[in-house]
Amino acid sequence: MSALLRIQAVVHKELIQLKRDKMTFGMVVMIPLIQLLLFGFAINTNVRHIPAGIVDHSQSGLSRILQQTVAATQVVEFIAQYRSVKEAEAAIARAEIRAVLIIPKDVSQRLVRHKTVGFGLPPSSDEETSRPIAQWLVDGSDTIVAGALKSLRSMPLAELLSKPANRNTPTFEVTLLYNPEQRTVVSIVPGLVGIILTMTMIMFTSAAIVRERERGNLELLITTPIRPVELMLGKIIPYVFIGAIQVVIILGLGHLMFNVPINGSLWQLAAATFLFITASLTLGLVISAIAKNQLQSMQMTIFILLPSILLSGFMFPYEGMPKVAQYIAEALPTTHFVRLIRGVVLRDVEIMDMTFDIYWLALFTLVGLAVASLKFKKRLD
């Protein structure tokens with residue numbers, strides 16, 4: 001009986017401590033709630049409204065009807081028109097669009113030839129030369145998006161044909177760029193760099209200030225002439241090199257073991273990685289300046305890590321998320337880095353062609369340093 005009373009006392013003490021620790025109590029509620037909302041609403045493998053462009057060499061009423069018919073499927077959403085295939089390919093490389101529909105000049109003749117071969121009859125000369133009506137160029141670096149666009153390959157066009165379509169001839173020719181074999185590892189490995197850096201960089205620095213406080217070293221730092229911003233910079237610089245080592249390990253082994261191509265410039269890759277590492281480290285410093293102990297810092301790290309994995313485009317397509325989830329994703333450094341590293345590694349894009357992601361990471365770093373410096377006070381209260 002006395003043992004039960006002692007256990008009851010300990011349980012009562014833990015409940016009181018949990019009640020006083022508002023951060024932990026909040027995480028108990030918020031983590032399952034956010035996971036439920038993310039998996040229930042934001043995570044969607046049925047991708048719709050994929051941003052696409054169009055190159056219309058025909059410029060006819062038929063080509064415009066064809067465009068409207070494709071858009072009616074809601075698989076793609078045409079957001080831009082280009083004068084040449086080269087311009088469209090450059091837009092795909094910059095991740096402005098995920099695919100482009102190329103309509104040839106002879107689209108009307110192709111549509112006429114796109115009909116069923118008579119049952120038991122030899123094909124005519126027109127039917128022998130039947131070709132796809134138009135062509136899709138698709139960014140294959142995301143296998144889920146590429147799979148959704150490949151579903152349009154045999155799209156029926158009954159409303160444009162006086163007869164059923166020839167089953168032996170696809171409606172569209174689909175060409176996959178950057179990952180024609182649709183190997184999942186090609187898109188996973190570059191994105192994995194962003195996830196691992198997010199996990200380790202934020203985790204390392206999220207406990208930096210808290211650890212100094214718990215070990216009693218904060219008193220020594222207070223007596224030194226070091227300024228808050230100098231302390232923040234001193235905290236993150238060593239981890240920049242650790243992050244660089246991790247990138248070399250992941251991409252190096254990915255290239256050697258899984259034959260993941262590295263098509264872009266290593267200097268471009270280094271610049272994008274440096275910006276992301278510093279952004280992640282400053283986010284960790286902000287957490288460390290807010291948290292009162294290491295447990296709280298770990299809880300806040302998990303709170304950031306889960307959306308970074310699920311909303312950054314690493315596992316699930318960005319285009320499949322609702323608008324609210326996309327707004328949250330845009331606030332996360334991982335989202336911008338996943339775009340950058342896939343662009344550099346797989347599509348050989350210049351990082352200055354993706355200026356929005358570059359400027360956002362740089363701005364995030366500066367704001368994060370300022371917030372962490374302001375939150376850190378050279379006093380013990």
# chains A, B, ... in the order shown; residues from 1 in each chain; ligands from 1
>>> residues_around(residues="A:Gly313", least_positions_apart="6", cutoff="10 Å", atoms="only C-alpha atoms", output="ChimeraX atom specification")
/A:142,191,319-321,326,329,334-336,338-339
>>> residues_around(residues="stretch 77-80 of chain A", least_positions_apart="6", cutoff="12 Å", atoms="only C-alpha atoms", output="list in words")
Val47, Arg48, His49, Ile50, Pro51, Ala52, Gly53, Ile54, Val55, Asp56, Arg64, Gln67, Gln68, Thr69, Val70, Ala71, Glu87, Ala88, Ala91, Ile92, Glu96, Ile97, Arg98, Ala99, Val100, Leu101, Leu149 and Glu319 of chain A
>>> write_last_selection(atoms="N, CA and C atoms", output="PDB file, in the first residue's frame")
ATOM      1  N   VAL A  47      -2.234  13.951 -58.291  1.00  0.00           N
ATOM      2  CA  VAL A  47      -1.809  15.309 -58.609  1.00  0.00           C
ATOM      3  C   VAL A  47      -2.746  15.923 -59.639  1.00  0.00           C
ATOM      4  N   ARG A  48      -3.143  17.161 -59.384  1.00  0.00           N
ATOM      5  CA  ARG A  48      -3.990  17.901 -60.304  1.00  0.00           C
ATOM      6  C   ARG A  48      -3.424  19.302 -60.470  1.00  0.00           C
ATOM      7  N   HIS A  49      -3.826  19.953 -61.564  1.00  0.00           N
ATOM      8  CA  HIS A  49      -3.449  21.337 -61.850  1.00  0.00           C
ATOM      9  C   HIS A  49      -1.924  21.502 -61.882  1.00  0.00           C
ATOM     10  N   ILE A  50      -1.273  20.593 -62.570  1.00  0.00           N
ATOM     11  CA  ILE A  50       0.179  20.686 -62.734  1.00  0.00           C
ATOM     12  C   ILE A  50       0.481  21.870 -63.654  1.00  0.00           C
ATOM     13  N   PRO A  51       1.341  22.804 -63.240  1.00  0.00           N
ATOM     14  CA  PRO A  51       1.631  23.964 -64.105  1.00  0.00           C
ATOM     15  C   PRO A  51       2.320  23.531 -65.395  1.00  0.00           C
ATOM     16  N   ALA A  52       1.754  23.923 -66.503  1.00  0.00           N
ATOM     17  CA  ALA A  52       2.278  23.512 -67.807  1.00  0.00           C
ATOM     18  C   ALA A  52       2.297  24.699 -68.748  1.00  0.00           C
ATOM     19  N   GLY A  53       3.101  24.569 -69.795  1.00  0.00           N
ATOM     20  CA  GLY A  53       3.166  25.578 -70.843  1.00  0.00           C
ATOM     21  C   GLY A  53       2.741  24.982 -72.167  1.00  0.00           C
ATOM     22  N   ILE A  54       2.656  25.815 -73.164  1.00  0.00           N
ATOM     23  CA  ILE A  54       2.236  25.341 -74.481  1.00  0.00           C
ATOM     24  C   ILE A  54       3.051  26.040 -75.564  1.00  0.00           C
ATOM     25  N   VAL A  55       3.442  25.271 -76.572  1.00  0.00           N
ATOM     26  CA  VAL A  55       4.079  25.804 -77.778  1.00  0.00           C
ATOM     27  C   VAL A  55       3.163  25.434 -78.939  1.00  0.00           C
ATOM     28  N   ASP A  56       2.465  26.416 -79.466  1.00  0.00           N
ATOM     29  CA  ASP A  56       1.455  26.181 -80.503  1.00  0.00           C
ATOM     30  C   ASP A  56       2.005  26.630 -81.852  1.00  0.00           C
ATOM     31  N   ARG A  64      -6.512  25.398 -80.395  1.00  0.00           N
ATOM     32  CA  ARG A  64      -7.066  25.993 -79.179  1.00  0.00           C
ATOM     33  C   ARG A  64      -8.106  25.068 -78.535  1.00  0.00           C
ATOM     34  N   GLN A  67      -6.187  22.389 -76.758  1.00  0.00           N
ATOM     35  CA  GLN A  67      -5.673  22.902 -75.482  1.00  0.00           C
ATOM     36  C   GLN A  67      -6.772  22.917 -74.424  1.00  0.00           C
ATOM     37  N   GLN A  68      -7.963  23.377 -74.785  1.00  0.00           N
ATOM     38  CA  GLN A  68      -9.068  23.417 -73.835  1.00  0.00           C
ATOM     39  C   GLN A  68      -9.489  22.008 -73.410  1.00  0.00           C
ATOM     40  N   THR A  69      -9.430  21.066 -74.333  1.00  0.00           N
ATOM     41  CA  THR A  69      -9.806  19.689 -74.019  1.00  0.00           C
ATOM     42  C   THR A  69      -8.834  19.073 -73.015  1.00  0.00           C
ATOM     43  N   VAL A  70      -7.558  19.333 -73.209  1.00  0.00           N
ATOM     44  CA  VAL A  70      -6.558  18.814 -72.272  1.00  0.00           C
ATOM     45  C   VAL A  70      -6.720  19.483 -70.911  1.00  0.00           C
ATOM     46  N   ALA A  71      -6.943  20.792 -70.900  1.00  0.00           N
ATOM     47  CA  ALA A  71      -7.097  21.508 -69.631  1.00  0.00           C
ATOM     48  C   ALA A  71      -8.330  21.039 -68.874  1.00  0.00           C
ATOM     49  N   GLU A  87      12.645  27.776 -75.525  1.00  0.00           N
ATOM     50  CA  GLU A  87      12.170  28.618 -74.414  1.00  0.00           C
ATOM     51  C   GLU A  87      11.405  27.779 -73.389  1.00  0.00           C
ATOM     52  N   ALA A  88      10.596  26.858 -73.874  1.00  0.00           N
ATOM     53  CA  ALA A  88       9.807  26.020 -72.969  1.00  0.00           C
ATOM     54  C   ALA A  88      10.706  25.101 -72.150  1.00  0.00           C
ATOM     55  N   ALA A  91      12.196  26.975 -69.355  1.00  0.00           N
ATOM     56  CA  ALA A  91      11.225  27.201 -68.278  1.00  0.00           C
ATOM     57  C   ALA A  91      11.061  25.945 -67.419  1.00  0.00           C
ATOM     58  N   ILE A  92      11.107  24.773 -68.048  1.00  0.00           N
ATOM     59  CA  ILE A  92      11.052  23.519 -67.283  1.00  0.00           C
ATOM     60  C   ILE A  92      12.287  23.394 -66.402  1.00  0.00           C
ATOM     61  N   GLU A  96       9.674  26.612 -63.529  1.00  0.00           N
ATOM     62  CA  GLU A  96       8.511  27.489 -63.671  1.00  0.00           C
ATOM     63  C   GLU A  96       7.289  26.685 -64.098  1.00  0.00           C
ATOM     64  N   ILE A  97       7.517  25.664 -64.926  1.00  0.00           N
ATOM     65  CA  ILE A  97       6.459  24.742 -65.338  1.00  0.00           C
ATOM     66  C   ILE A  97       7.011  23.330 -65.211  1.00  0.00           C
ATOM     67  N   ARG A  98       6.092  22.350 -65.232  1.00  0.00           N
ATOM     68  CA  ARG A  98       6.536  20.963 -65.100  1.00  0.00           C
ATOM     69  C   ARG A  98       6.445  20.209 -66.419  1.00  0.00           C
ATOM     70  N   ALA A  99       5.777  20.795 -67.413  1.00  0.00           N
ATOM     71  CA  ALA A  99       5.630  20.132 -68.705  1.00  0.00           C
ATOM     72  C   ALA A  99       5.234  21.163 -69.746  1.00  0.00           C
ATOM     73  N   VAL A 100       5.385  20.796 -71.014  1.00  0.00           N
ATOM     74  CA  VAL A 100       4.963  21.673 -72.103  1.00  0.00           C
ATOM     75  C   VAL A 100       4.318  20.817 -73.189  1.00  0.00           C
ATOM     76  N   LEU A 101       3.208  21.306 -73.706  1.00  0.00           N
ATOM     77  CA  LEU A 101       2.515  20.645 -74.807  1.00  0.00           C
ATOM     78  C   LEU A 101       2.919  21.317 -76.110  1.00  0.00           C
ATOM     79  N   LEU A 149       1.343  12.875 -65.748  1.00  0.00           N
ATOM     80  CA  LEU A 149       1.329  13.413 -67.106  1.00  0.00           C
ATOM     81  C   LEU A 149       1.371  12.291 -68.150  1.00  0.00           C
ATOM     82  N   GLU A 319       2.499  20.231 -56.191  1.00  0.00           N
ATOM     83  CA  GLU A 319       1.291  20.585 -56.931  1.00  0.00           C
ATOM     84  C   GLU A 319       0.055  19.871 -56.406  1.00  0.00           C
TER      85      GLU A 319
END
>>> atom_distance(atom1="atom CA of A:Phe316", atom2="atom CA of A:Thr45")
6.5 Å
>>> closest_atom_pairs(of="stretch 316-371 of chain A", to="stretch 245-256 of chain A", cutoff="12 Å", atoms="only C-alpha atoms", output="JSON lines")
{"residue": "A:Ile341", "atom": "CA", "partner": "A:Leu251", "partner_atom": "CA", "distance": 10.6}
{"residue": "A:Arg342", "atom": "CA", "partner": "A:Leu251", "partner_atom": "CA", "distance": 11.6}
{"residue": "A:Val345", "atom": "CA", "partner": "A:Leu251", "partner_atom": "CA", "distance": 9.3}
{"residue": "A:Leu346", "atom": "CA", "partner": "A:His255", "partner_atom": "CA", "distance": 11.7}
>>> write_last_selection(atoms="C-alpha atoms", output="mmCIF file, in the first residue's frame")
data_model
loop_
_atom_site.group_PDB
_atom_site.id
_atom_site.type_symbol
_atom_site.label_atom_id
_atom_site.label_comp_id
_atom_site.auth_asym_id
_atom_site.auth_seq_id
_atom_site.Cartn_x
_atom_site.Cartn_y
_atom_site.Cartn_z
ATOM 1 C CA ILE A 341 19.302 21.091 -55.623
ATOM 2 C CA ARG A 342 17.092 19.174 -58.038
ATOM 3 C CA VAL A 345 21.939 18.330 -59.903
ATOM 4 C CA LEU A 346 19.369 16.962 -62.343
#
>>> closest_residue(among="A:Gly234, A:Pro261, A:Gly40, A:Gly343", to="A:Ile209", atoms="only C-alpha atoms")
A:Gly234
>>> decode(residues="stretch 247-293 of chain A", atoms="N, CA and C atoms", output="mmCIF file, in the first residue's frame")
data_model
loop_
_atom_site.group_PDB
_atom_site.id
_atom_site.type_symbol
_atom_site.label_atom_id
_atom_site.label_comp_id
_atom_site.auth_asym_id
_atom_site.auth_seq_id
_atom_site.Cartn_x
_atom_site.Cartn_y
_atom_site.Cartn_z
ATOM 1 N N VAL A 247 26.759 16.660 -47.322
ATOM 2 C CA VAL A 247 26.358 16.763 -48.728
ATOM 3 C C VAL A 247 27.267 15.916 -49.601
ATOM 4 N N VAL A 248 28.576 15.993 -49.358
ATOM 5 C CA VAL A 248 29.535 15.199 -50.141
ATOM 6 C C VAL A 248 29.252 13.707 -49.972
ATOM 7 N N ILE A 249 28.963 13.282 -48.749
ATOM 8 C CA ILE A 249 28.699 11.862 -48.497
ATOM 9 C C ILE A 249 27.444 11.404 -49.235
ATOM 10 N N ILE A 250 26.354 12.170 -49.116
ATOM 11 C CA ILE A 250 25.076 11.747 -49.701
ATOM 12 C C ILE A 250 25.155 11.721 -51.227
ATOM 13 N N LEU A 251 25.603 12.841 -51.819
ATOM 14 C CA LEU A 251 25.647 12.898 -53.275
ATOM 15 C C LEU A 251 26.729 11.999 -53.848
ATOM 16 N N GLY A 252 27.870 11.897 -53.143
ATOM 17 C CA GLY A 252 28.948 11.039 -53.628
ATOM 18 C C GLY A 252 28.536 9.579 -53.655
ATOM 19 N N LEU A 253 27.979 9.093 -52.571
ATOM 20 C CA LEU A 253 27.529 7.706 -52.526
ATOM 21 C C LEU A 253 26.331 7.482 -53.450
ATOM 22 N N GLY A 254 25.451 8.483 -53.548
ATOM 23 C CA GLY A 254 24.318 8.358 -54.460
ATOM 24 C C GLY A 254 24.775 8.213 -55.898
ATOM 25 N N HIS A 255 25.832 8.942 -56.259
ATOM 26 C CA HIS A 255 26.368 8.863 -57.619
ATOM 27 C C HIS A 255 27.070 7.532 -57.866
ATOM 28 N N LEU A 256 27.839 7.071 -56.880
ATOM 29 C CA LEU A 256 28.623 5.851 -57.060
ATOM 30 C C LEU A 256 27.758 4.590 -56.944
ATOM 31 N N MET A 257 26.855 4.579 -55.976
ATOM 32 C CA MET A 257 26.084 3.363 -55.704
ATOM 33 C C MET A 257 24.805 3.267 -56.526
ATOM 34 N N PHE A 258 24.141 4.403 -56.758
ATOM 35 C CA PHE A 258 22.843 4.381 -57.433
ATOM 36 C C PHE A 258 22.863 5.078 -58.789
ATOM 37 N N ASN A 259 24.033 5.509 -59.214
ATOM 38 C CA ASN A 259 24.183 6.143 -60.531
ATOM 39 C C ASN A 259 23.280 7.362 -60.687
ATOM 40 N N VAL A 260 23.173 8.148 -59.613
ATOM 41 C CA VAL A 260 22.414 9.400 -59.684
ATOM 42 C C VAL A 260 23.266 10.439 -60.408
ATOM 43 N N PRO A 261 22.789 11.025 -61.481
ATOM 44 C CA PRO A 261 23.618 11.981 -62.233
ATOM 45 C C PRO A 261 23.804 13.290 -61.474
ATOM 46 N N ILE A 262 24.970 13.889 -61.667
ATOM 47 C CA ILE A 262 25.232 15.229 -61.149
ATOM 48 C C ILE A 262 25.566 16.087 -62.374
ATOM 49 N N ASN A 263 24.527 16.661 -62.954
ATOM 50 C CA ASN A 263 24.674 17.353 -64.236
ATOM 51 C C ASN A 263 25.134 18.797 -64.104
ATOM 52 N N GLY A 264 24.882 19.411 -62.959
ATOM 53 C CA GLY A 264 25.181 20.826 -62.805
ATOM 54 C C GLY A 264 26.574 21.100 -62.292
ATOM 55 N N SER A 265 26.900 22.383 -62.204
ATOM 56 C CA SER A 265 28.191 22.836 -61.711
ATOM 57 C C SER A 265 28.299 22.611 -60.211
ATOM 58 N N LEU A 266 29.463 22.126 -59.774
ATOM 59 C CA LEU A 266 29.683 21.919 -58.345
ATOM 60 C C LEU A 266 29.710 23.251 -57.596
ATOM 61 N N TRP A 267 30.155 24.316 -58.266
ATOM 62 C CA TRP A 267 30.155 25.637 -57.617
ATOM 63 C C TRP A 267 28.735 26.133 -57.403
ATOM 64 N N GLN A 268 27.868 25.887 -58.381
ATOM 65 C CA GLN A 268 26.456 26.249 -58.220
ATOM 66 C C GLN A 268 25.842 25.461 -57.066
ATOM 67 N N LEU A 269 26.175 24.176 -57.004
ATOM 68 C CA LEU A 269 25.671 23.333 -55.926
ATOM 69 C C LEU A 269 26.172 23.802 -54.573
ATOM 70 N N ALA A 270 27.446 24.172 -54.508
ATOM 71 C CA ALA A 270 28.024 24.636 -53.240
ATOM 72 C C ALA A 270 27.362 25.929 -52.772
ATOM 73 N N ALA A 271 27.099 26.841 -53.695
ATOM 74 C CA ALA A 271 26.469 28.111 -53.323
ATOM 75 C C ALA A 271 25.062 27.889 -52.786
ATOM 76 N N ALA A 272 24.273 27.057 -53.472
ATOM 77 C CA ALA A 272 22.908 26.781 -53.013
ATOM 78 C C ALA A 272 22.916 26.081 -51.660
ATOM 79 N N THR A 273 23.860 25.140 -51.489
ATOM 80 C CA THR A 273 23.942 24.404 -50.228
ATOM 81 C C THR A 273 24.350 25.315 -49.079
ATOM 82 N N PHE A 274 25.290 26.207 -49.337
ATOM 83 C CA PHE A 274 25.732 27.139 -48.292
ATOM 84 C C PHE A 274 24.572 28.004 -47.800
ATOM 85 N N LEU A 275 23.770 28.508 -48.738
ATOM 86 C CA LEU A 275 22.627 29.337 -48.353
ATOM 87 C C LEU A 275 21.634 28.542 -47.506
ATOM 88 N N PHE A 276 21.401 27.294 -47.897
ATOM 89 C CA PHE A 276 20.430 26.496 -47.145
ATOM 90 C C PHE A 276 20.960 26.118 -45.762
ATOM 91 N N ILE A 277 22.237 25.778 -45.685
ATOM 92 C CA ILE A 277 22.811 25.414 -44.387
ATOM 93 C C ILE A 277 22.732 26.590 -43.421
ATOM 94 N N THR A 278 23.094 27.775 -43.890
ATOM 95 C CA THR A 278 23.048 28.942 -43.000
ATOM 96 C C THR A 278 21.607 29.264 -42.600
ATOM 97 N N ALA A 279 20.654 29.095 -43.533
ATOM 98 C CA ALA A 279 19.245 29.334 -43.191
ATOM 99 C C ALA A 279 18.765 28.344 -42.130
ATOM 100 N N SER A 280 19.130 27.078 -42.273
ATOM 101 C CA SER A 280 18.715 26.058 -41.300
ATOM 102 C C SER A 280 19.372 26.295 -39.948
ATOM 103 N N LEU A 281 20.632 26.696 -39.959
ATOM 104 C CA LEU A 281 21.335 26.946 -38.699
ATOM 105 C C LEU A 281 20.735 28.137 -37.955
ATOM 106 N N THR A 282 20.400 29.184 -38.683
ATOM 107 C CA THR A 282 19.793 30.338 -38.013
ATOM 108 C C THR A 282 18.405 29.996 -37.475
ATOM 109 N N LEU A 283 17.668 29.125 -38.177
ATOM 110 C CA LEU A 283 16.380 28.677 -37.647
ATOM 111 C C LEU A 283 16.585 27.920 -36.332
ATOM 112 N N GLY A 284 17.627 27.100 -36.278
ATOM 113 C CA GLY A 284 17.952 26.403 -35.038
ATOM 114 C C GLY A 284 18.315 27.357 -33.922
ATOM 115 N N LEU A 285 19.029 28.434 -34.255
ATOM 116 C CA LEU A 285 19.388 29.430 -33.237
ATOM 117 C C LEU A 285 18.158 30.152 -32.692
ATOM 118 N N VAL A 286 17.211 30.433 -33.562
ATOM 119 C CA VAL A 286 15.968 31.071 -33.104
ATOM 120 C C VAL A 286 15.252 30.153 -32.116
ATOM 121 N N ILE A 287 15.190 28.854 -32.449
ATOM 122 C CA ILE A 287 14.575 27.888 -31.529
ATOM 123 C C ILE A 287 15.335 27.861 -30.208
ATOM 124 N N SER A 288 16.660 27.863 -30.285
ATOM 125 C CA SER A 288 17.478 27.801 -29.075
ATOM 126 C C SER A 288 17.290 29.041 -28.205
ATOM 127 N N ALA A 289 17.121 30.191 -28.832
ATOM 128 C CA ALA A 289 16.932 31.421 -28.059
ATOM 129 C C ALA A 289 15.557 31.478 -27.398
ATOM 130 N N ILE A 290 14.579 30.781 -27.990
ATOM 131 C CA ILE A 290 13.225 30.781 -27.435
ATOM 132 C C ILE A 290 13.062 29.709 -26.359
ATOM 133 N N ALA A 291 13.636 28.523 -26.597
ATOM 134 C CA ALA A 291 13.446 27.389 -25.686
ATOM 135 C C ALA A 291 14.104 27.645 -24.336
ATOM 136 N N LYS A 292 13.506 27.065 -23.300
ATOM 137 C CA LYS A 292 14.036 27.224 -21.949
ATOM 138 C C LYS A 292 14.914 26.052 -21.524
ATOM 139 N N ASN A 293 14.782 24.913 -22.210
ATOM 140 C CA ASN A 293 15.612 23.755 -21.919
ATOM 141 C C ASN A 293 15.766 22.925 -23.189
#
